[in-house]
Structures are given as structure tokens and as C-alpha cells.
>>> print(open('query-v7.cif').read())   # mmCIF, C-alpha atoms; chains and numbers go by the auth columns
data_final
loop_
_atom_site.group_PDB
_atom_site.id
_atom_site.type_symbol
_atom_site.label_atom_id
_atom_site.label_comp_id
_atom_site.label_asym_id
_atom_site.label_seq_id
_atom_site.Cartn_x
_atom_site.Cartn_y
_atom_site.Cartn_z
_atom_site.B_iso_or_equiv
_atom_site.auth_seq_id
_atom_site.auth_asym_id
ATOM 1 C CA MET A 1 -193.919 52.985 16.540 0.00 1 A
ATOM 2 C CA LEU A 2 -192.685 54.227 19.898 0.00 2 A
ATOM 3 C CA LEU A 3 -195.260 57.010 20.290 0.00 3 A
ATOM 4 C CA PRO A 4 -198.516 56.202 22.106 0.00 4 A
ATOM 5 C CA PHE A 5 -201.435 55.570 19.787 0.00 5 A
ATOM 6 C CA ASP A 6 -204.950 54.236 20.073 0.00 6 A
ATOM 7 C CA PRO A 7 -205.311 50.935 18.182 0.00 7 A
ATOM 8 C CA ASN A 8 -209.084 51.334 18.085 0.00 8 A
ATOM 9 C CA THR A 9 -208.749 54.672 16.307 0.00 9 A
ATOM 10 C CA ARG A 10 -206.311 53.166 13.831 0.00 10 A
ATOM 11 C CA ARG A 11 -208.658 50.243 13.220 0.00 11 A
ATOM 12 C CA ALA A 12 -211.476 52.662 12.425 0.00 12 A
ATOM 13 C CA ASP A 13 -209.197 54.663 10.124 0.00 13 A
ATOM 14 C CA THR A 14 -208.263 51.533 8.154 0.00 14 A
ATOM 15 C CA ALA A 15 -211.675 49.868 8.078 0.00 15 A
ATOM 16 C CA LYS A 16 -213.188 48.620 4.844 0.00 16 A
ATOM 17 C CA ASP A 17 -214.431 51.315 2.450 0.00 17 A
ATOM 18 C CA THR A 18 -212.103 54.001 3.812 0.00 18 A
ATOM 19 C CA SER A 19 -209.191 55.514 1.919 0.00 19 A
ATOM 20 C CA LEU A 20 -206.659 54.018 4.322 0.00 20 A
ATOM 21 C CA GLY A 21 -208.641 50.806 4.286 0.00 21 A
ATOM 22 C CA ALA A 22 -207.964 50.520 0.574 0.00 22 A
ATOM 23 C CA ILE A 23 -204.234 50.695 1.303 0.00 23 A
ATOM 24 C CA ALA A 24 -204.582 47.970 3.939 0.00 24 A
ATOM 25 C CA ASP A 25 -206.541 45.866 1.448 0.00 25 A
ATOM 26 C CA GLY A 26 -203.741 46.277 -1.073 0.00 26 A
ATOM 27 C CA LEU A 27 -201.114 45.172 1.436 0.00 27 A
ATOM 28 C CA ALA A 28 -203.230 42.146 2.312 0.00 28 A
ATOM 29 C CA ARG A 29 -203.458 41.173 -1.363 0.00 29 A
ATOM 30 C CA GLU A 30 -199.681 41.470 -1.738 0.00 30 A
ATOM 31 C CA LEU A 31 -199.153 39.192 1.247 0.00 31 A
ATOM 32 C CA ALA A 32 -201.728 36.595 0.211 0.00 32 A
ATOM 33 C CA PRO A 33 -199.350 34.454 -1.915 0.00 33 A
ATOM 34 C CA TRP A 34 -196.845 34.236 0.962 0.00 34 A
ATOM 35 C CA ARG A 35 -199.178 33.141 3.735 0.00 35 A
ATOM 36 C CA SER A 36 -198.901 29.470 2.796 0.00 36 A
ATOM 37 C CA THR A 37 -195.303 29.362 1.564 0.00 37 A
ATOM 38 C CA GLY A 38 -193.641 31.828 3.898 0.00 38 A
ATOM 39 C CA LEU A 39 -191.549 34.805 2.838 0.00 39 A
ATOM 40 C CA PRO A 40 -188.180 34.179 1.153 0.00 40 A
ATOM 41 C CA ILE A 41 -185.342 34.003 3.666 0.00 41 A
ATOM 42 C CA PRO A 42 -182.089 33.077 1.930 0.00 42 A
ATOM 43 C CA ALA A 43 -179.782 30.425 3.296 0.00 43 A
ATOM 44 C CA GLY A 44 -176.712 32.337 2.142 0.00 44 A
ATOM 45 C CA LYS A 45 -175.283 35.818 2.547 0.00 45 A
ATOM 46 C CA ALA A 46 -175.766 38.673 0.079 0.00 46 A
ATOM 47 C CA LYS A 47 -172.643 39.569 -1.875 0.00 47 A
ATOM 48 C CA LEU A 48 -171.676 42.580 -3.938 0.00 48 A
ATOM 49 C CA THR A 49 -169.810 41.787 -7.155 0.00 49 A
ATOM 50 C CA ARG A 50 -169.120 43.667 -10.371 0.00 50 A
ATOM 51 C CA VAL A 51 -171.507 41.517 -12.387 0.00 51 A
ATOM 52 C CA GLY A 52 -174.186 40.409 -9.932 0.00 52 A
ATOM 53 C CA GLY A 53 -177.659 41.780 -10.598 0.00 53 A
ATOM 54 C CA ARG A 54 -176.931 43.312 -14.023 0.00 54 A
ATOM 55 C CA CYS A 55 -177.559 42.099 -17.543 0.00 55 A
ATOM 56 C CA PRO A 56 -174.143 41.286 -19.051 0.00 56 A
ATOM 57 C CA VAL A 57 -175.367 42.443 -22.467 0.00 57 A
ATOM 58 C CA HIS A 58 -177.259 45.649 -21.696 0.00 58 A
ATOM 59 C CA GLY A 59 -175.765 46.587 -18.354 0.00 59 A
ATOM 60 C CA ILE A 60 -179.140 47.340 -16.754 0.00 60 A
ATOM 61 C CA PRO A 61 -180.328 45.952 -13.398 0.00 61 A
ATOM 62 C CA LEU A 62 -182.039 42.583 -13.635 0.00 62 A
ATOM 63 C CA ASP A 63 -185.644 42.408 -12.470 0.00 63 A
ATOM 64 C CA PHE A 64 -186.079 41.493 -8.824 0.00 64 A
ATOM 65 C CA ASP A 65 -188.597 38.700 -8.309 0.00 65 A
ATOM 66 C CA PRO A 66 -188.790 37.569 -4.684 0.00 66 A
ATOM 67 C CA SER A 67 -190.182 34.208 -5.769 0.00 67 A
ATOM 68 C CA SER A 68 -187.360 33.491 -8.242 0.00 68 A
ATOM 69 C CA PRO A 69 -184.039 33.079 -6.419 0.00 69 A
ATOM 70 C CA HIS A 70 -182.145 31.414 -9.261 0.00 70 A
ATOM 71 C CA ALA A 71 -183.487 32.914 -12.507 0.00 71 A
ATOM 72 C CA HIS A 72 -183.168 36.660 -12.962 0.00 72 A
ATOM 73 C CA ARG A 73 -184.652 38.342 -16.011 0.00 73 A
ATOM 74 C CA CYS A 74 -183.412 41.290 -18.020 0.00 74 A
ATOM 75 C CA GLY A 75 -186.333 43.544 -18.834 0.00 75 A
ATOM 76 C CA ARG A 76 -184.789 44.560 -22.153 0.00 76 A
ATOM 77 C CA CYS A 77 -183.760 41.250 -23.717 0.00 77 A
ATOM 78 C CA ALA A 78 -186.073 38.962 -21.669 0.00 78 A
ATOM 79 C CA THR A 79 -183.135 36.647 -20.941 0.00 79 A
ATOM 80 C CA ASP A 80 -183.047 34.748 -17.653 0.00 80 A
ATOM 81 C CA TYR A 81 -179.614 34.680 -16.028 0.00 81 A
ATOM 82 C CA THR A 82 -178.773 31.955 -13.534 0.00 82 A
ATOM 83 C CA ASP A 83 -175.146 32.649 -12.544 0.00 83 A
ATOM 84 C CA ARG A 84 -174.346 32.458 -8.836 0.00 84 A
ATOM 85 C CA GLU A 85 -173.358 36.123 -8.715 0.00 85 A
ATOM 86 C CA HIS A 86 -176.915 37.106 -9.681 0.00 86 A
ATOM 87 C CA HIS A 87 -178.353 34.924 -6.936 0.00 87 A
ATOM 88 C CA ASP A 88 -175.992 36.462 -4.385 0.00 88 A
ATOM 89 C CA TRP A 89 -177.263 39.914 -5.412 0.00 89 A
ATOM 90 C CA TRP A 90 -180.889 38.717 -5.258 0.00 90 A
ATOM 91 C CA VAL A 91 -180.289 37.718 -1.628 0.00 91 A
ATOM 92 C CA MET A 92 -179.993 41.398 -0.667 0.00 92 A
ATOM 93 C CA GLY A 93 -183.398 42.222 -2.134 0.00 93 A
ATOM 94 C CA ALA A 94 -184.996 39.123 -0.636 0.00 94 A
ATOM 95 C CA GLN A 95 -183.768 39.950 2.868 0.00 95 A
ATOM 96 C CA LEU A 96 -185.100 43.505 2.708 0.00 96 A
ATOM 97 C CA PHE A 97 -188.334 42.415 1.025 0.00 97 A
ATOM 98 C CA SER A 98 -189.108 39.857 3.718 0.00 98 A
ATOM 99 C CA ALA A 99 -188.311 42.199 6.612 0.00 99 A
ATOM 100 C CA GLU A 100 -190.589 44.871 5.130 0.00 100 A
ATOM 101 C CA ARG A 101 -193.419 42.386 4.543 0.00 101 A
ATOM 102 C CA ALA A 102 -193.103 41.173 8.114 0.00 102 A
ATOM 103 C CA VAL A 103 -193.895 44.756 9.157 0.00 103 A
ATOM 104 C CA HIS A 104 -196.908 44.813 6.831 0.00 104 A
ATOM 105 C CA ALA A 105 -198.168 41.499 8.171 0.00 105 A
ATOM 106 C CA ALA A 106 -197.746 42.550 11.799 0.00 106 A
ATOM 107 C CA ALA A 107 -199.506 45.862 11.144 0.00 107 A
ATOM 108 C CA LEU A 108 -202.412 44.122 9.435 0.00 108 A
ATOM 109 C CA PHE A 109 -202.763 41.732 12.351 0.00 109 A
ATOM 110 C CA LEU A 110 -202.890 44.662 14.768 0.00 110 A
ATOM 111 C CA LEU A 111 -205.433 46.522 12.631 0.00 111 A
ATOM 112 C CA ARG A 112 -207.565 43.701 11.308 0.00 112 A
ATOM 113 C CA GLY A 113 -206.980 40.727 13.597 0.00 113 A
ATOM 114 C CA ASP A 114 -206.359 38.164 10.841 0.00 114 A
ATOM 115 C CA GLU A 115 -204.307 35.442 12.508 0.00 115 A
ATOM 116 C CA SER A 116 -202.733 34.409 9.202 0.00 116 A
ATOM 117 C CA HIS A 117 -200.948 37.772 9.167 0.00 117 A
ATOM 118 C CA ARG A 118 -199.774 37.229 12.745 0.00 118 A
ATOM 119 C CA ASP A 119 -198.490 33.791 11.802 0.00 119 A
ATOM 120 C CA LEU A 120 -196.657 35.104 8.729 0.00 120 A
ATOM 121 C CA ALA A 121 -194.928 37.887 10.660 0.00 121 A
ATOM 122 C CA ALA A 122 -194.037 35.619 13.583 0.00 122 A
ATOM 123 C CA ARG A 123 -192.767 32.842 11.306 0.00 123 A
ATOM 124 C CA THR A 124 -190.550 35.328 9.464 0.00 124 A
ATOM 125 C CA LEU A 125 -189.060 36.850 12.607 0.00 125 A
ATOM 126 C CA ARG A 126 -188.409 33.448 14.137 0.00 126 A
ATOM 127 C CA GLU A 127 -186.653 32.228 10.997 0.00 127 A
ATOM 128 C CA PHE A 128 -184.536 35.374 10.869 0.00 128 A
ATOM 129 C CA ALA A 129 -183.550 34.707 14.487 0.00 129 A
ATOM 130 C CA ASP A 130 -182.820 31.035 13.821 0.00 130 A
ATOM 131 C CA ARG A 131 -180.583 31.859 10.853 0.00 131 A
ATOM 132 C CA TYR A 132 -178.801 34.980 12.009 0.00 132 A
ATOM 133 C CA ASP A 133 -175.706 33.236 13.377 0.00 133 A
ATOM 134 C CA SER A 134 -175.425 31.100 10.234 0.00 134 A
ATOM 135 C CA TRP A 135 -174.712 34.095 7.992 0.00 135 A
ATOM 136 C CA PRO A 136 -170.954 34.731 8.152 0.00 136 A
ATOM 137 C CA ASN A 137 -169.459 38.078 9.070 0.00 137 A
ATOM 138 C CA ARG A 138 -167.110 38.110 6.093 0.00 138 A
ATOM 139 C CA ASP A 139 -166.946 39.146 2.414 0.00 139 A
ATOM 140 C CA ASN A 140 -168.063 42.615 3.478 0.00 140 A
ATOM 141 C CA VAL A 141 -167.662 45.853 1.558 0.00 141 A
ATOM 142 C CA LEU A 142 -168.412 48.475 4.220 0.00 142 A
ATOM 143 C CA GLY A 143 -168.367 47.487 7.867 0.00 143 A
ATOM 144 C CA PRO A 144 -169.249 44.246 9.648 0.00 144 A
ATOM 145 C CA THR A 145 -172.492 42.466 8.794 0.00 145 A
ATOM 146 C CA ARG A 146 -173.913 38.976 8.631 0.00 146 A
ATOM 147 C CA PRO A 147 -176.808 38.870 6.128 0.00 147 A
ATOM 148 C CA PHE A 148 -175.514 41.660 3.824 0.00 148 A
ATOM 149 C CA PHE A 149 -172.275 43.213 2.614 0.00 149 A
ATOM 150 C CA SER A 150 -172.617 46.531 4.444 0.00 150 A
ATOM 151 C CA THR A 151 -173.493 47.546 7.988 0.00 151 A
ATOM 152 C CA TYR A 152 -175.883 50.164 6.596 0.00 152 A
ATOM 153 C CA LEU A 153 -178.073 47.506 4.964 0.00 153 A
ATOM 154 C CA GLU A 154 -178.170 45.431 8.135 0.00 154 A
ATOM 155 C CA SER A 155 -179.286 48.556 10.013 0.00 155 A
ATOM 156 C CA ILE A 156 -182.276 49.079 7.689 0.00 156 A
ATOM 157 C CA TRP A 157 -183.151 45.391 7.913 0.00 157 A
ATOM 158 C CA LEU A 158 -182.934 45.389 11.714 0.00 158 A
ATOM 159 C CA ILE A 159 -185.146 48.478 12.039 0.00 159 A
ATOM 160 C CA ASN A 160 -187.895 46.702 10.109 0.00 160 A
ATOM 161 C CA ILE A 161 -187.533 43.626 12.301 0.00 161 A
ATOM 162 C CA CYS A 162 -187.888 45.795 15.412 0.00 162 A
ATOM 163 C CA HIS A 163 -190.965 47.475 13.940 0.00 163 A
ATOM 164 C CA ALA A 164 -192.561 44.122 13.161 0.00 164 A
ATOM 165 C CA LEU A 165 -191.921 42.800 16.662 0.00 165 A
ATOM 166 C CA THR A 166 -193.262 46.000 18.248 0.00 166 A
ATOM 167 C CA LEU A 167 -196.479 45.731 16.224 0.00 167 A
ATOM 168 C CA LEU A 168 -196.948 42.070 17.096 0.00 168 A
ATOM 169 C CA GLU A 169 -196.518 42.800 20.784 0.00 169 A
ATOM 170 C CA ALA A 170 -198.918 45.745 20.565 0.00 170 A
ATOM 171 C CA ALA A 171 -201.438 43.265 19.159 0.00 171 A
ATOM 172 C CA GLY A 172 -200.934 40.913 22.108 0.00 172 A
ATOM 173 C CA GLU A 173 -198.373 38.458 20.683 0.00 173 A
ATOM 174 C CA HIS A 174 -195.803 37.979 23.479 0.00 174 A
ATOM 175 C CA THR A 175 -194.396 34.487 22.856 0.00 175 A
ATOM 176 C CA LEU A 176 -191.740 35.549 20.365 0.00 176 A
ATOM 177 C CA GLY A 177 -190.026 38.595 21.833 0.00 177 A
ATOM 178 C CA GLY A 178 -187.443 36.832 23.981 0.00 178 A
ATOM 179 C CA VAL A 179 -186.159 34.668 21.138 0.00 179 A
ATOM 180 C CA VAL A 180 -185.993 37.499 18.627 0.00 180 A
ATOM 181 C CA ARG A 181 -184.337 39.914 21.029 0.00 181 A
ATOM 182 C CA ASP A 182 -181.760 37.433 22.339 0.00 182 A
ATOM 183 C CA ARG A 183 -180.837 35.716 19.074 0.00 183 A
ATOM 184 C CA LEU A 184 -181.259 38.511 16.550 0.00 184 A
ATOM 185 C CA ILE A 185 -181.811 42.042 17.803 0.00 185 A
ATOM 186 C CA ALA A 186 -179.114 41.997 20.511 0.00 186 A
ATOM 187 C CA PRO A 187 -176.305 40.431 18.431 0.00 187 A
ATOM 188 C CA SER A 188 -177.171 42.440 15.331 0.00 188 A
ATOM 189 C CA SER A 189 -177.307 45.772 17.183 0.00 189 A
ATOM 190 C CA THR A 190 -174.023 44.954 18.934 0.00 190 A
ATOM 191 C CA LEU A 191 -172.378 44.219 15.603 0.00 191 A
ATOM 192 C CA ILE A 192 -173.738 47.419 14.082 0.00 192 A
ATOM 193 C CA ASP A 193 -172.627 49.480 17.062 0.00 193 A
ATOM 194 C CA SER A 194 -169.103 48.092 16.793 0.00 194 A
ATOM 195 C CA TYR A 195 -168.564 49.967 13.532 0.00 195 A
ATOM 196 C CA HIS A 196 -168.621 53.602 14.555 0.00 196 A
ATOM 197 C CA GLU A 197 -169.058 56.086 11.710 0.00 197 A
ATOM 198 C CA GLY A 198 -169.681 59.293 13.600 0.00 198 A
ATOM 199 C CA ARG A 199 -172.438 61.339 11.979 0.00 199 A
ATOM 200 C CA SER A 200 -173.283 58.957 9.157 0.00 200 A
ATOM 201 C CA ASN A 201 -176.950 58.267 8.418 0.00 201 A
ATOM 202 C CA ARG A 202 -176.451 54.639 9.475 0.00 202 A
ATOM 203 C CA GLN A 203 -175.039 55.601 12.841 0.00 203 A
ATOM 204 C CA VAL A 204 -177.948 57.977 13.450 0.00 204 A
ATOM 205 C CA MET A 205 -180.458 55.199 12.755 0.00 205 A
ATOM 206 C CA GLU A 206 -178.643 52.799 15.096 0.00 206 A
#
>>> encode(input="query-v7.cif", output="C-alpha cells")
Amino acid sequence: MLLPFDPNTRRADTAKDTSLGAIADGLARELAPWRSTGLPIPAGKAKLTRVGGRCPVHGIPLDFDPSSPHAHRCGRCATDYTDREHHDWWVMGAQLFSAERAVHAAALFLLRGDESHRDLAARTLREFADRYDSWPNRDNVLGPTRPFFSTYLESIWLINICHALTLLEAAGEHTLGGVVRDRLIAPSSTLIDSYHEGRSNRQVME
């Protein structure tokens, strides 16, 4: 994202009826259901528990469905579990899912110019920024974090947010950067940087 590139060349590479264009088409289809509803951004914080996210009978991970925050299905017994611990685990997947899709939406706007993708990415980043301070820096397992239970996960999430904002700005969207940088990127990066782990993979990414 930080290296110079020619958007016109990338647009030609991802045009309709090209191999990369087929990938862009697939991403657009995946985003289509979210353009009207918005991507899932949980009100609460992700939590790691011994039971959350696993079938209590078979012990396997429950299916992750970004559109189903309160009913989580076991792929083996087809039972839907609704306990709070499963929702708190789902929050982790929803946060990462939405940050990644914001990148996809921003990239598609840059490459294809569809304003609905711009709007989806911008709406997601703004909501992340609006909610960041509401997620408490507590109930953590490894290091300080607000939306997750580990600093490492917040690092991955923040990288995607930075990528999405960079792509939007490369496409000419400059109304959002100040809000996202001041209310999300700056406080999140400061929090991450406060937990020094030397040569860990998380510290390298930060």
C-alpha cells in the first residue's frame, strides 16, 4: 500500500473479463449483501473463555456467520447455541471480518469507482472510530486492547483499517482521514506500542 503504483494500470488489470477482474467481481458479490445494512460492528468487546465458540457436545468450533451474532451453529449436530460466551467469541470474528471487508470495499472503489463501495468502507471506518473509546481496556488475556482480548489481534485489525483508509484516500476520498486518525488510529497505535514485546511478530507489525 505504501509503494507507488499506477491506479490506471491496476484498473486495466482488474477490468471485466480478466483473470484479476474475476477476483474483483467475486469480492463485489461478497460485499453486495452488506451495502444496504452495513458491516457488523459489535457494541461489546470480544472475550476469550473456555467455552465460547465451541460446541459443548462435540468440542469443535462453531460456525462463524457474520450475520448471526446471537445464534451459533455446530456443523456436526446442527444445533444453534445462544449463550453469551458464544456471542463474545463471535465478536472477535465480526471485528476482523468487517475490517477486512472495509479493505475490499475501498480497493473496489479505487479500481472500479462504484460509490456504494466507497460509502461502505467509509461508513465502517467512521463507526469503528466512533466506537473505539467505548470498548473497555479490560478482561484481556495478552496485553492491552479495547475491541479484543489480545494486543496482537488489535494490531491485525488496525493494519486493515489503515489499509482501507489509504485506499480511500488514493481514490480521492479525503473527508474521513482526520476523524479516523485522531479517534482510532492514534489511540489504538499508542495502546499497542505501550505493550513492548521485543521481537514478537506483533511488535514487528506495529
>>> atom_distance(input="query-v7.cif", atom1="CA of Ser19 in chain A", atom2="CA of Glu100 in chain A")
21.7 Å
>>> closest_residue(input="query-v7.cif", among="A:Ser134, A:Leu158, A:Glu173, A:Asp119", to="Ala186 in chain A", atoms="only C-alpha atoms")
A:Leu158
>>> residues_around(input="query-v7.cif", residues="Thr14 in chain A", least_positions_apart="5", cutoff="10 Å", atoms="only C-alpha atoms", output="ChimeraX atom specification")
/A:8-9,19-25,108,111-112
>>> residues_around(input="query-v7.cif", residues="Phe149 in chain A", least_positions_apart="2", cutoff="12 Å", atoms="only C-alpha atoms", output="list in words")
Gly44, Lys45, Ala46, Lys47, Leu48, Thr49, Asp88, Trp89, Val91, Met92, Gln95, Trp135, Pro136, Asn137, Arg138, Asp139, Asn140, Val141, Leu142, Gly143, Pro144, Thr145, Arg146, Pro147, Thr151, Tyr152, Leu153, Glu154 and Ser155 of chain A
>>> closest_residue(input="query-v7.cif", among="A:Ile41, A:Leu110, A:His196, A:Ser36", to="Ala12 in chain A", atoms="only C-alpha atoms")
A:Leu110
>>> atom_distance(input="query-v7.cif", atom1="CA of Trp157 in chain A", atom2="CA of Asp6 in chain A")
26.5 Å
>>> closest_residue(input="query-v7.cif", among="A:Arg84, A:Trp90, A:Leu39, A:Asp182", to="Pro61 in chain A", atoms="only C-alpha atoms")
A:Trp90
>>> resolve_selection(input="query-v7.cif", expression="the PyMOL selection byres ((chain A and resi 162) around 10)", output="ChimeraX atom specification")
/A:1,99,103,125,157-161,163-168,177,180-181,184-185
>>> axis_aligned_box(input="query-v7.cif", around="range 92-108 of chain A", padding_each_side="6 Å", output="JSON")
{"center_x": -191.2, "center_y": 42.5, "center_z": 4.8, "size_x": 34.4, "size_y": 18.7, "size_z": 25.9}
>>> residues_near_point(input="query-v7.cif", point="(-193.8, 28.9, 5.4)", cutoff="10 Å", atoms="all atoms listed in the file", output="VMD selection string")
chain A and resid 34 to 40 119 to 120 123 to 124 127
>>> residues_around(input="query-v7.cif", residues="range 74-82 of chain A", least_positions_apart="6", cutoff="9 Å", atoms="only C-alpha atoms", output="PyMOL selection string")
chain A and resi 54-55+57-58+60-63
>>> atom_distance(input="query-v7.cif", atom1="CA of His86 in chain A", atom2="CA of Ile192 in chain A")
26.1 Å
>>> closest_residue(input="query-v7.cif", among="A:Phe64, A:Ser189, A:Glu30, A:Ala171", to="Pro7 in chain A", atoms="all atoms listed in the file")
A:Ala171
>>> resolve_selection(input="query-v7.cif", expression="the PyMOL selection byres ((chain A and resi 116) around 10)", output="PyMOL selection string")
chain A and resi 31-32+35-36+105-106+108-109+113-115+117-122
>>> closest_residue(input="query-v7.cif", among="A:Asp133, A:Pro42, A:Ser150, A:Glu85", to="Pro187 in chain A", atoms="all atoms listed in the file")
A:Asp133
>>> closest_residue(input="query-v7.cif", among="A:Ser194, A:Thr18, A:Ser188, A:Ser98", to="Ser67 in chain A", atoms="only C-alpha atoms")
A:Ser98
>>> decode(input="query-v7.cif", residues="range 32-117 of chain A", atoms="C-alpha atoms", output="PDB file, in the first residue's frame")
ATOM      1  CA  ALA A  32     -23.343  -6.867  -2.043  1.00  0.00           C
ATOM      2  CA  PRO A  33     -25.466  -8.003   0.950  1.00  0.00           C
ATOM      3  CA  TRP A  34     -23.702  -5.513   3.249  1.00  0.00           C
ATOM      4  CA  ARG A  35     -24.050  -2.379   1.153  1.00  0.00           C
ATOM      5  CA  SER A  36     -27.529  -1.629   2.483  1.00  0.00           C
ATOM      6  CA  THR A  37     -27.187  -2.946   6.036  1.00  0.00           C
ATOM      7  CA  GLY A  38     -23.597  -2.058   6.818  1.00  0.00           C
ATOM      8  CA  LEU A  39     -20.949  -4.464   8.066  1.00  0.00           C
ATOM      9  CA  PRO A  40     -21.312  -5.943  11.569  1.00  0.00           C
ATOM     10  CA  ILE A  41     -19.583  -3.820  14.196  1.00  0.00           C
ATOM     11  CA  PRO A  42     -20.256  -5.204  17.673  1.00  0.00           C
ATOM     12  CA  ALA A  43     -21.295  -2.983  20.538  1.00  0.00           C
ATOM     13  CA  GLY A  44     -19.334  -5.078  23.025  1.00  0.00           C
ATOM     14  CA  LYS A  45     -15.790  -6.347  23.414  1.00  0.00           C
ATOM     15  CA  ALA A  46     -14.568  -9.775  22.306  1.00  0.00           C
ATOM     16  CA  LYS A  47     -13.814 -12.143  25.169  1.00  0.00           C
ATOM     17  CA  LEU A  48     -11.886 -15.383  25.386  1.00  0.00           C
ATOM     18  CA  THR A  49     -13.476 -18.051  27.580  1.00  0.00           C
ATOM     19  CA  ARG A  50     -13.100 -21.806  27.909  1.00  0.00           C
ATOM     20  CA  VAL A  51     -16.476 -22.496  26.327  1.00  0.00           C
ATOM     21  CA  GLY A  52     -17.069 -19.617  23.920  1.00  0.00           C
ATOM     22  CA  GLY A  53     -17.134 -20.564  20.247  1.00  0.00           C
ATOM     23  CA  ARG A  54     -17.136 -24.356  20.721  1.00  0.00           C
ATOM     24  CA  CYS A  55     -19.898 -26.931  20.655  1.00  0.00           C
ATOM     25  CA  PRO A  56     -20.330 -28.172  24.243  1.00  0.00           C
ATOM     26  CA  VAL A  57     -21.179 -31.650  22.946  1.00  0.00           C
ATOM     27  CA  HIS A  58     -18.611 -32.230  20.203  1.00  0.00           C
ATOM     28  CA  GLY A  59     -15.929 -29.757  21.187  1.00  0.00           C
ATOM     29  CA  ILE A  60     -15.497 -28.410  17.649  1.00  0.00           C
ATOM     30  CA  PRO A  61     -15.526 -24.710  16.699  1.00  0.00           C
ATOM     31  CA  LEU A  62     -18.977 -23.320  15.998  1.00  0.00           C
ATOM     32  CA  ASP A  63     -19.593 -21.939  12.519  1.00  0.00           C
ATOM     33  CA  PHE A  64     -18.886 -18.241  12.144  1.00  0.00           C
ATOM     34  CA  ASP A  65     -21.732 -16.371  10.467  1.00  0.00           C
ATOM     35  CA  PRO A  66     -21.153 -12.614  10.385  1.00  0.00           C
ATOM     36  CA  SER A  67     -24.885 -12.010  10.037  1.00  0.00           C
ATOM     37  CA  SER A  68     -25.821 -14.114  13.085  1.00  0.00           C
ATOM     38  CA  PRO A  69     -24.467 -12.541  16.280  1.00  0.00           C
ATOM     39  CA  HIS A  70     -26.631 -14.493  18.720  1.00  0.00           C
ATOM     40  CA  ALA A  71     -27.143 -17.961  17.206  1.00  0.00           C
ATOM     41  CA  HIS A  72     -24.054 -20.035  16.507  1.00  0.00           C
ATOM     42  CA  ARG A  73     -24.363 -23.398  14.794  1.00  0.00           C
ATOM     43  CA  CYS A  74     -22.391 -26.581  15.288  1.00  0.00           C
ATOM     44  CA  GLY A  75     -21.616 -28.088  11.911  1.00  0.00           C
ATOM     45  CA  ARG A  76     -21.791 -31.617  13.304  1.00  0.00           C
ATOM     46  CA  CYS A  77     -25.032 -31.640  15.292  1.00  0.00           C
ATOM     47  CA  ALA A  78     -26.714 -28.634  13.585  1.00  0.00           C
ATOM     48  CA  THR A  79     -27.575 -27.179  17.000  1.00  0.00           C
ATOM     49  CA  ASP A  80     -27.725 -23.407  17.418  1.00  0.00           C
ATOM     50  CA  TYR A  81     -26.133 -22.170  20.638  1.00  0.00           C
ATOM     51  CA  THR A  82     -27.135 -18.801  22.052  1.00  0.00           C
ATOM     52  CA  ASP A  83     -25.119 -18.481  25.285  1.00  0.00           C
ATOM     53  CA  ARG A  84     -23.430 -15.134  25.892  1.00  0.00           C
ATOM     54  CA  GLU A  85     -19.973 -16.706  25.824  1.00  0.00           C
ATOM     55  CA  HIS A  86     -20.525 -17.745  22.196  1.00  0.00           C
ATOM     56  CA  HIS A  87     -21.572 -14.225  21.259  1.00  0.00           C
ATOM     57  CA  ASP A  88     -18.489 -12.786  22.954  1.00  0.00           C
ATOM     58  CA  TRP A  89     -16.336 -15.129  20.843  1.00  0.00           C
ATOM     59  CA  TRP A  90     -18.277 -14.203  17.684  1.00  0.00           C
ATOM     60  CA  VAL A  91     -17.367 -10.557  18.327  1.00  0.00           C
ATOM     61  CA  MET A  92     -13.715 -11.334  17.543  1.00  0.00           C
ATOM     62  CA  GLY A  93     -14.582 -12.762  14.132  1.00  0.00           C
ATOM     63  CA  ALA A  94     -17.007  -9.945  13.366  1.00  0.00           C
ATOM     64  CA  GLN A  95     -14.420  -7.258  14.116  1.00  0.00           C
ATOM     65  CA  LEU A  96     -11.812  -8.866  11.868  1.00  0.00           C
ATOM     66  CA  PHE A  97     -14.366  -9.661   9.161  1.00  0.00           C
ATOM     67  CA  SER A  98     -15.576  -6.070   8.968  1.00  0.00           C
ATOM     68  CA  ALA A  99     -12.080  -4.563   8.921  1.00  0.00           C
ATOM     69  CA  GLU A 100     -11.067  -6.899   6.085  1.00  0.00           C
ATOM     70  CA  ARG A 101     -14.221  -6.129   4.087  1.00  0.00           C
ATOM     71  CA  ALA A 102     -13.597  -2.422   4.520  1.00  0.00           C
ATOM     72  CA  VAL A 103     -10.288  -3.003   2.713  1.00  0.00           C
ATOM     73  CA  HIS A 104     -12.084  -4.894  -0.061  1.00  0.00           C
ATOM     74  CA  ALA A 105     -14.670  -2.148  -0.434  1.00  0.00           C
ATOM     75  CA  ALA A 106     -12.056   0.610  -0.527  1.00  0.00           C
ATOM     76  CA  ALA A 107      -9.991  -1.303  -3.090  1.00  0.00           C
ATOM     77  CA  LEU A 108     -13.022  -1.860  -5.302  1.00  0.00           C
ATOM     78  CA  PHE A 109     -13.876   1.827  -5.148  1.00  0.00           C
ATOM     79  CA  LEU A 110     -10.338   2.715  -6.216  1.00  0.00           C
ATOM     80  CA  LEU A 111     -10.381   0.168  -9.045  1.00  0.00           C
ATOM     81  CA  ARG A 112     -13.957   0.375 -10.239  1.00  0.00           C
ATOM     82  CA  GLY A 113     -15.333   3.688  -8.990  1.00  0.00           C
ATOM     83  CA  ASP A 114     -18.571   2.300  -7.530  1.00  0.00           C
ATOM     84  CA  GLU A 115     -19.606   4.839  -4.907  1.00  0.00           C
ATOM     85  CA  SER A 116     -21.520   2.218  -2.922  1.00  0.00           C
ATOM     86  CA  HIS A 117     -18.174   0.582  -2.133  1.00  0.00           C
TER      87      HIS A 117
END
